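Notes to accompany the following structure.
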Amino acid sequence: MIDNERFAEIVREAGRIALSRWPGDGHECETWEKKPGDPVSESDIAVDTFLKRELGRLLPSAAWLSEETADDKARTKSDLIWLVDPIDGTRDYVRGRTGWAVSVALISANKPLIGMLAAPAREEEWFAVAGQGATLNGQRLQASTRRQFGGARVPVDHLPRPDADLTKVEKPNSIALRIAMVADDRADLVATLRWGFEWDVGAATLIAREAGARASDAFGNPLAYNKHVPQDFGVLVCSPFIHAAAVERLEARAAQLKENRDPL
């Protein structure tokens, strides 16, 4: 359908654009807040503009949905759509930390067909095509196969008391990179209990699934993409052998939180 090598070149170049402005290398980067606690930088906008132009040339028939572009609901009439987060993990980006990535997926019939994360500050390129497996820097990935829920590695800053039986590991700000950690067997479980946008997880969940992980919403339901309101309540990515236990652990909390929170 598309030239995978050209697709990868475009996402890689987007990563280079972001890296060339990254404060972690001493560059100046203008930052502001879209709303309180929701930072955006000039790099987000520059990467978004570049990707919209180049991906549009690569596949003109595909619609567009990005965190940094106004949502044109006409996209829902298209079978193909580019799903983009120009810099996932902007908080880490503007603070000069490495936990950020450019995230791009092509959605076909409401499912990710191809996805890539470019994380140049970490020298990592994650890539997957549906049905063809996933790679990190060209090496085949095998996701976590943990069978015991207790002790599961989770990329978090702290664990609530009900989850004290789990194990903390490094937590990049980018949810996409945290999901990718499961794909690379650096973590066993990633879970959120809030409304999240499709562009945050589209590429990463494809990478995780192609590596052998299980991905769902917080209730264990399949994720779908290019919805009218492009959100799901929570994301759960983990070893397939602990998915049922994770859903059981989180279900009551997820239901209570969802009841009290409307999608944005």
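As shown in the structure tokens, the chain order sets the letters A, B, ...; within each chain, residues go from 1, and ligands are also counted from 1 in the order they appear.
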Spatial neighbours of Gly115 (chain A), 8 Å, only C-alpha atoms, chain gap at least 2 places, as number ranges by chain: A: 103-106, 112-113, 117, 127-129, 202-204, 206-207
Could you save those same residues with C-alpha atoms as a PDB file, in the first residue's frame?
```pdb
ATOM      1  CA  SER A 103       4.619   8.565  17.043  1.00  0.00           C
ATOM      2  CA  VAL A 104       2.998   7.805  13.676  1.00  0.00           C
ATOM      3  CA  ALA A 105       0.547   5.097  12.624  1.00  0.00           C
ATOM      4  CA  LEU A 106      -1.453   4.429   9.486  1.00  0.00           C
ATOM      5  CA  PRO A 112      -3.284   0.133  12.911  1.00  0.00           C
ATOM      6  CA  LEU A 113      -1.644  -1.171   9.745  1.00  0.00           C
ATOM      7  CA  LEU A 117       8.160   5.490  17.107  1.00  0.00           C
ATOM      8  CA  PHE A 127       8.679  -0.272  13.857  1.00  0.00           C
ATOM      9  CA  ALA A 128       5.823  -2.663  13.131  1.00  0.00           C
ATOM     10  CA  VAL A 129       3.600  -3.766  10.275  1.00  0.00           C
ATOM     11  CA  GLY A 202      -1.927   3.896  17.937  1.00  0.00           C
ATOM     12  CA  ALA A 203       1.630   3.126  16.844  1.00  0.00           C
ATOM     13  CA  ALA A 204       2.781   1.749  20.208  1.00  0.00           C
ATOM     14  CA  LEU A 206       0.599  -2.136  17.185  1.00  0.00           C
ATOM     15  CA  ILE A 207       4.278  -2.554  18.079  1.00  0.00           C
TER      16      ILE A 207
END
```
Region 100-179 of chain A residues near region 79-95 of chain A within 8 Å, closest pair each, using only C-alpha atoms, as JSON lines:
```
{"residue": "A:Trp100", "atom": "CA", "partner": "A:Gly89", "partner_atom": "CA", "distance": 4.4}
{"residue": "A:Ala101", "atom": "CA", "partner": "A:Asp88", "partner_atom": "CA", "distance": 5.3}
{"residue": "A:Val102", "atom": "CA", "partner": "A:Ile87", "partner_atom": "CA", "distance": 4.8}
{"residue": "A:Ser103", "atom": "CA", "partner": "A:Asp85", "partner_atom": "CA", "distance": 5.1}
{"residue": "A:Val104", "atom": "CA", "partner": "A:Val84", "partner_atom": "CA", "distance": 4.6}
{"residue": "A:Ala105", "atom": "CA", "partner": "A:Leu83", "partner_atom": "CA", "distance": 5.1}
{"residue": "A:Leu106", "atom": "CA", "partner": "A:Trp82", "partner_atom": "CA", "distance": 4.7}
{"residue": "A:Ile107", "atom": "CA", "partner": "A:Ile81", "partner_atom": "CA", "distance": 5.2}
{"residue": "A:Ser108", "atom": "CA", "partner": "A:Leu80", "partner_atom": "CA", "distance": 4.8}
{"residue": "A:Ala109", "atom": "CA", "partner": "A:Asp79", "partner_atom": "CA", "distance": 5.3}
{"residue": "A:Asn110", "atom": "CA", "partner": "A:Asp79", "partner_atom": "CA", "distance": 7.5}
{"residue": "A:Pro172", "atom": "CA", "partner": "A:Asp92", "partner_atom": "CA", "distance": 7.5}
{"residue": "A:Asn173", "atom": "CA", "partner": "A:Gly89", "partner_atom": "CA", "distance": 4.8}
{"residue": "A:Ser174", "atom": "CA", "partner": "A:Gly89", "partner_atom": "CA", "distance": 3.9}
{"residue": "A:Ile175", "atom": "CA", "partner": "A:Gly89", "partner_atom": "CA", "distance": 7.2}
{"residue": "A:Ala176", "atom": "CA", "partner": "A:Asp88", "partner_atom": "CA", "distance": 7.0}
```
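Relative to CA of Lys171 (chain A), CA of Ala208 (chain A) is found at 16.7 Å.
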Using the chain letters and numbers from this document, which residues of region 83-183 of chain A does DSSP assign to strand (DSSP E), as a PyMOL selection string? chain A and resi 83-88+101-108+111-119+124-129+134-136+139-140+153-155+167-169
Need the shell around region 214-223 of chain A: protein/DNA/RNA residues with any atom at most 8 Å away, counting only C-alpha atoms. Skip same-chain ones fewer than 6 positions apart. Format as a PyMOL selection string? chain A and resi 191-193+205+208+232-240+243-244+247+250-251+254
Could you write out the selected residues, including C-alpha atoms, as a short mmCIF file (atom, residue, chain, number, x, y, z; two decimals), in the first residue's frame?
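Done, and the output landed in out_9.cif:
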```cif
data_model
loop_
_atom_site.label_atom_id
_atom_site.label_comp_id
_atom_site.auth_asym_id
_atom_site.auth_seq_id
_atom_site.Cartn_x
_atom_site.Cartn_y
_atom_site.Cartn_z
CA ALA A 191 -2.10 0.67 32.45
CA THR A 192 -3.83 4.04 32.54
CA LEU A 193 -7.18 4.88 34.13
CA THR A 205 -0.06 -0.74 20.66
CA ALA A 208 3.35 -4.26 21.34
CA ASP A 232 -10.85 5.37 24.91
CA PHE A 233 -11.02 5.04 28.67
CA GLY A 234 -7.63 3.76 29.65
CA VAL A 235 -5.13 1.57 27.89
CA LEU A 236 -3.86 -1.77 29.16
CA VAL A 237 -0.82 -3.40 27.55
CA CYS A 238 0.83 -6.41 29.13
CA SER A 239 2.01 -9.97 28.83
CA PRO A 240 -0.93 -11.96 27.45
CA HIS A 243 -4.08 -9.64 31.02
CA ALA A 244 -7.10 -11.22 32.73
CA VAL A 247 -8.39 -6.39 34.14
CA LEU A 250 -8.29 -2.54 37.68
CA GLU A 251 -11.96 -3.06 36.79
CA ALA A 254 -11.73 2.00 36.17
#
```
Write out as an MDAnalysis selection string which residues come within 8 Å of region 3-10 of chain A when counting only C-alpha atoms, dropping same-chain ones fewer than 5 positions away. chainID A and resid 51 54:55 58 116
Could you check which of A:Val201, A:Glu170, A:Ala180, A:Arg186 is closest to Glu125 (chain A), using only C-alpha atoms? A:Ala180
If you run DSSP on the backbone here, which positions in region 20-260 of chain A get helix (DSSP H, G or I)? Please write them as a ChimeraX atom specification. /A:23-25,42-58,73-77,90-94,120-122,161-163,175-183,198-211,243-260
Take the residues just selected and output them with C-alpha atoms as a PDB file, in the first residue's frame.
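New file out37.pdb:
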```pdb
ATOM      1  CA  PRO A  23      16.687  21.476  25.121  1.00  0.00           C
ATOM      2  CA  GLY A  24      18.567  18.372  26.260  1.00  0.00           C
ATOM      3  CA  ASP A  25      21.245  19.274  23.708  1.00  0.00           C
ATOM      4  CA  GLU A  42       7.449  25.066  18.776  1.00  0.00           C
ATOM      5  CA  SER A  43       8.998  21.683  17.978  1.00  0.00           C
ATOM      6  CA  ASP A  44       5.593  19.965  18.247  1.00  0.00           C
ATOM      7  CA  ILE A  45       4.251  22.358  15.636  1.00  0.00           C
ATOM      8  CA  ALA A  46       7.288  22.075  13.347  1.00  0.00           C
ATOM      9  CA  VAL A  47       7.204  18.281  13.406  1.00  0.00           C
ATOM     10  CA  ASP A  48       3.448  18.225  12.865  1.00  0.00           C
ATOM     11  CA  THR A  49       3.731  20.529   9.841  1.00  0.00           C
ATOM     12  CA  PHE A  50       6.528  18.419   8.344  1.00  0.00           C
ATOM     13  CA  LEU A  51       4.699  15.126   8.837  1.00  0.00           C
ATOM     14  CA  LYS A  52       1.406  16.406   7.443  1.00  0.00           C
ATOM     15  CA  ARG A  53       3.144  17.567   4.279  1.00  0.00           C
ATOM     16  CA  GLU A  54       5.365  14.531   3.711  1.00  0.00           C
ATOM     17  CA  LEU A  55       2.880  11.831   4.728  1.00  0.00           C
ATOM     18  CA  GLY A  56       0.281  13.565   2.589  1.00  0.00           C
ATOM     19  CA  ARG A  57       2.599  13.235  -0.381  1.00  0.00           C
ATOM     20  CA  LEU A  58       3.311   9.599   0.466  1.00  0.00           C
ATOM     21  CA  LYS A  73     -14.472  14.980  11.430  1.00  0.00           C
ATOM     22  CA  ALA A  74     -14.631  14.276   7.687  1.00  0.00           C
ATOM     23  CA  ARG A  75     -11.769  11.880   8.472  1.00  0.00           C
ATOM     24  CA  THR A  76     -14.308   9.358   9.813  1.00  0.00           C
ATOM     25  CA  LYS A  77     -15.536   8.785   6.249  1.00  0.00           C
ATOM     26  CA  THR A  90       6.390  16.844  25.581  1.00  0.00           C
ATOM     27  CA  ARG A  91       7.003  17.330  29.323  1.00  0.00           C
ATOM     28  CA  ASP A  92      10.196  15.265  29.112  1.00  0.00           C
ATOM     29  CA  TYR A  93      11.112  16.965  25.837  1.00  0.00           C
ATOM     30  CA  VAL A  94      10.954  20.536  27.150  1.00  0.00           C
ATOM     31  CA  PRO A 120      16.374   9.849  18.714  1.00  0.00           C
ATOM     32  CA  ALA A 121      17.406  11.112  22.160  1.00  0.00           C
ATOM     33  CA  ARG A 122      17.391   7.431  23.206  1.00  0.00           C
ATOM     34  CA  ARG A 161      -1.105   0.781  48.097  1.00  0.00           C
ATOM     35  CA  PRO A 162      -3.373  -1.787  46.335  1.00  0.00           C
ATOM     36  CA  ASP A 163      -0.572  -2.368  43.812  1.00  0.00           C
ATOM     37  CA  ILE A 175       3.012   6.655  27.081  1.00  0.00           C
ATOM     38  CA  ALA A 176       4.041   5.295  23.680  1.00  0.00           C
ATOM     39  CA  LEU A 177       7.531   4.521  24.974  1.00  0.00           C
ATOM     40  CA  ARG A 178       6.120   2.927  28.133  1.00  0.00           C
ATOM     41  CA  ILE A 179       3.994   0.631  25.962  1.00  0.00           C
ATOM     42  CA  ALA A 180       7.021  -0.125  23.808  1.00  0.00           C
ATOM     43  CA  MET A 181       8.862  -1.222  26.949  1.00  0.00           C
ATOM     44  CA  VAL A 182       6.409  -4.131  27.214  1.00  0.00           C
ATOM     45  CA  ALA A 183       7.190  -5.011  23.590  1.00  0.00           C
ATOM     46  CA  GLU A 198      -5.911   7.565  19.911  1.00  0.00           C
ATOM     47  CA  TRP A 199      -2.764   9.339  18.737  1.00  0.00           C
ATOM     48  CA  ASP A 200      -1.025   8.549  22.045  1.00  0.00           C
ATOM     49  CA  VAL A 201      -1.217   4.791  21.584  1.00  0.00           C
ATOM     50  CA  GLY A 202      -1.927   3.896  17.937  1.00  0.00           C
ATOM     51  CA  ALA A 203       1.630   3.126  16.844  1.00  0.00           C
ATOM     52  CA  ALA A 204       2.781   1.749  20.208  1.00  0.00           C
ATOM     53  CA  THR A 205      -0.061  -0.736  20.661  1.00  0.00           C
ATOM     54  CA  LEU A 206       0.599  -2.136  17.185  1.00  0.00           C
ATOM     55  CA  ILE A 207       4.278  -2.554  18.079  1.00  0.00           C
ATOM     56  CA  ALA A 208       3.354  -4.264  21.343  1.00  0.00           C
ATOM     57  CA  ARG A 209       0.823  -6.603  19.749  1.00  0.00           C
ATOM     58  CA  GLU A 210       3.189  -7.547  16.945  1.00  0.00           C
ATOM     59  CA  ALA A 211       5.806  -8.381  19.598  1.00  0.00           C
ATOM     60  CA  HIS A 243      -4.078  -9.644  31.015  1.00  0.00           C
ATOM     61  CA  ALA A 244      -7.105 -11.219  32.730  1.00  0.00           C
ATOM     62  CA  ALA A 245      -5.579 -10.633  36.170  1.00  0.00           C
ATOM     63  CA  ALA A 246      -4.805  -7.016  35.261  1.00  0.00           C
ATOM     64  CA  VAL A 247      -8.391  -6.390  34.135  1.00  0.00           C
ATOM     65  CA  GLU A 248      -9.672  -7.941  37.367  1.00  0.00           C
ATOM     66  CA  ARG A 249      -7.326  -5.783  39.448  1.00  0.00           C
ATOM     67  CA  LEU A 250      -8.294  -2.545  37.680  1.00  0.00           C
ATOM     68  CA  GLU A 251     -11.958  -3.058  36.785  1.00  0.00           C
ATOM     69  CA  ALA A 252     -13.596  -1.524  39.877  1.00  0.00           C
ATOM     70  CA  ARG A 253     -11.272   1.477  39.903  1.00  0.00           C
ATOM     71  CA  ALA A 254     -11.734   1.998  36.169  1.00  0.00           C
ATOM     72  CA  ALA A 255     -15.529   1.905  36.451  1.00  0.00           C
ATOM     73  CA  GLN A 256     -15.560   4.432  39.292  1.00  0.00           C
ATOM     74  CA  LEU A 257     -13.182   6.818  37.568  1.00  0.00           C
ATOM     75  CA  LYS A 258     -14.944   6.574  34.215  1.00  0.00           C
ATOM     76  CA  GLU A 259     -18.270   7.422  35.847  1.00  0.00           C
ATOM     77  CA  ASN A 260     -16.823  10.633  37.243  1.00  0.00           C
TER      78      ASN A 260
END
```
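Going from CA of Asp71 (chain A) to CA of Ala14 (chain A) covers 21.0 Å.
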Go through A:Ala134, A:Ala152, A:Ala18, A:Leu65 one by one, measure the shortest atom-to-atom distance of each to Ala119 (chain A) using only C-alpha atoms, and give the residue with the smallest value. A:Ala18
For Arg140 (chain A), the nearest of the candidates A:Glu123, A:Asp165, A:Asp185, A:Asp157, counting only C-alpha atoms: A:Asp185
Which of these residues is nearest to Leu166 (chain A), using only C-alpha atoms: A:Leu189, A:Glu67, A:Arg147, A:Glu13? A:Leu189
For a test of reading the model, state the distance in Å between CA of Val40 (chain A) and CA of Thr69 (chain A), rounded to one decimal. 12.2 Å
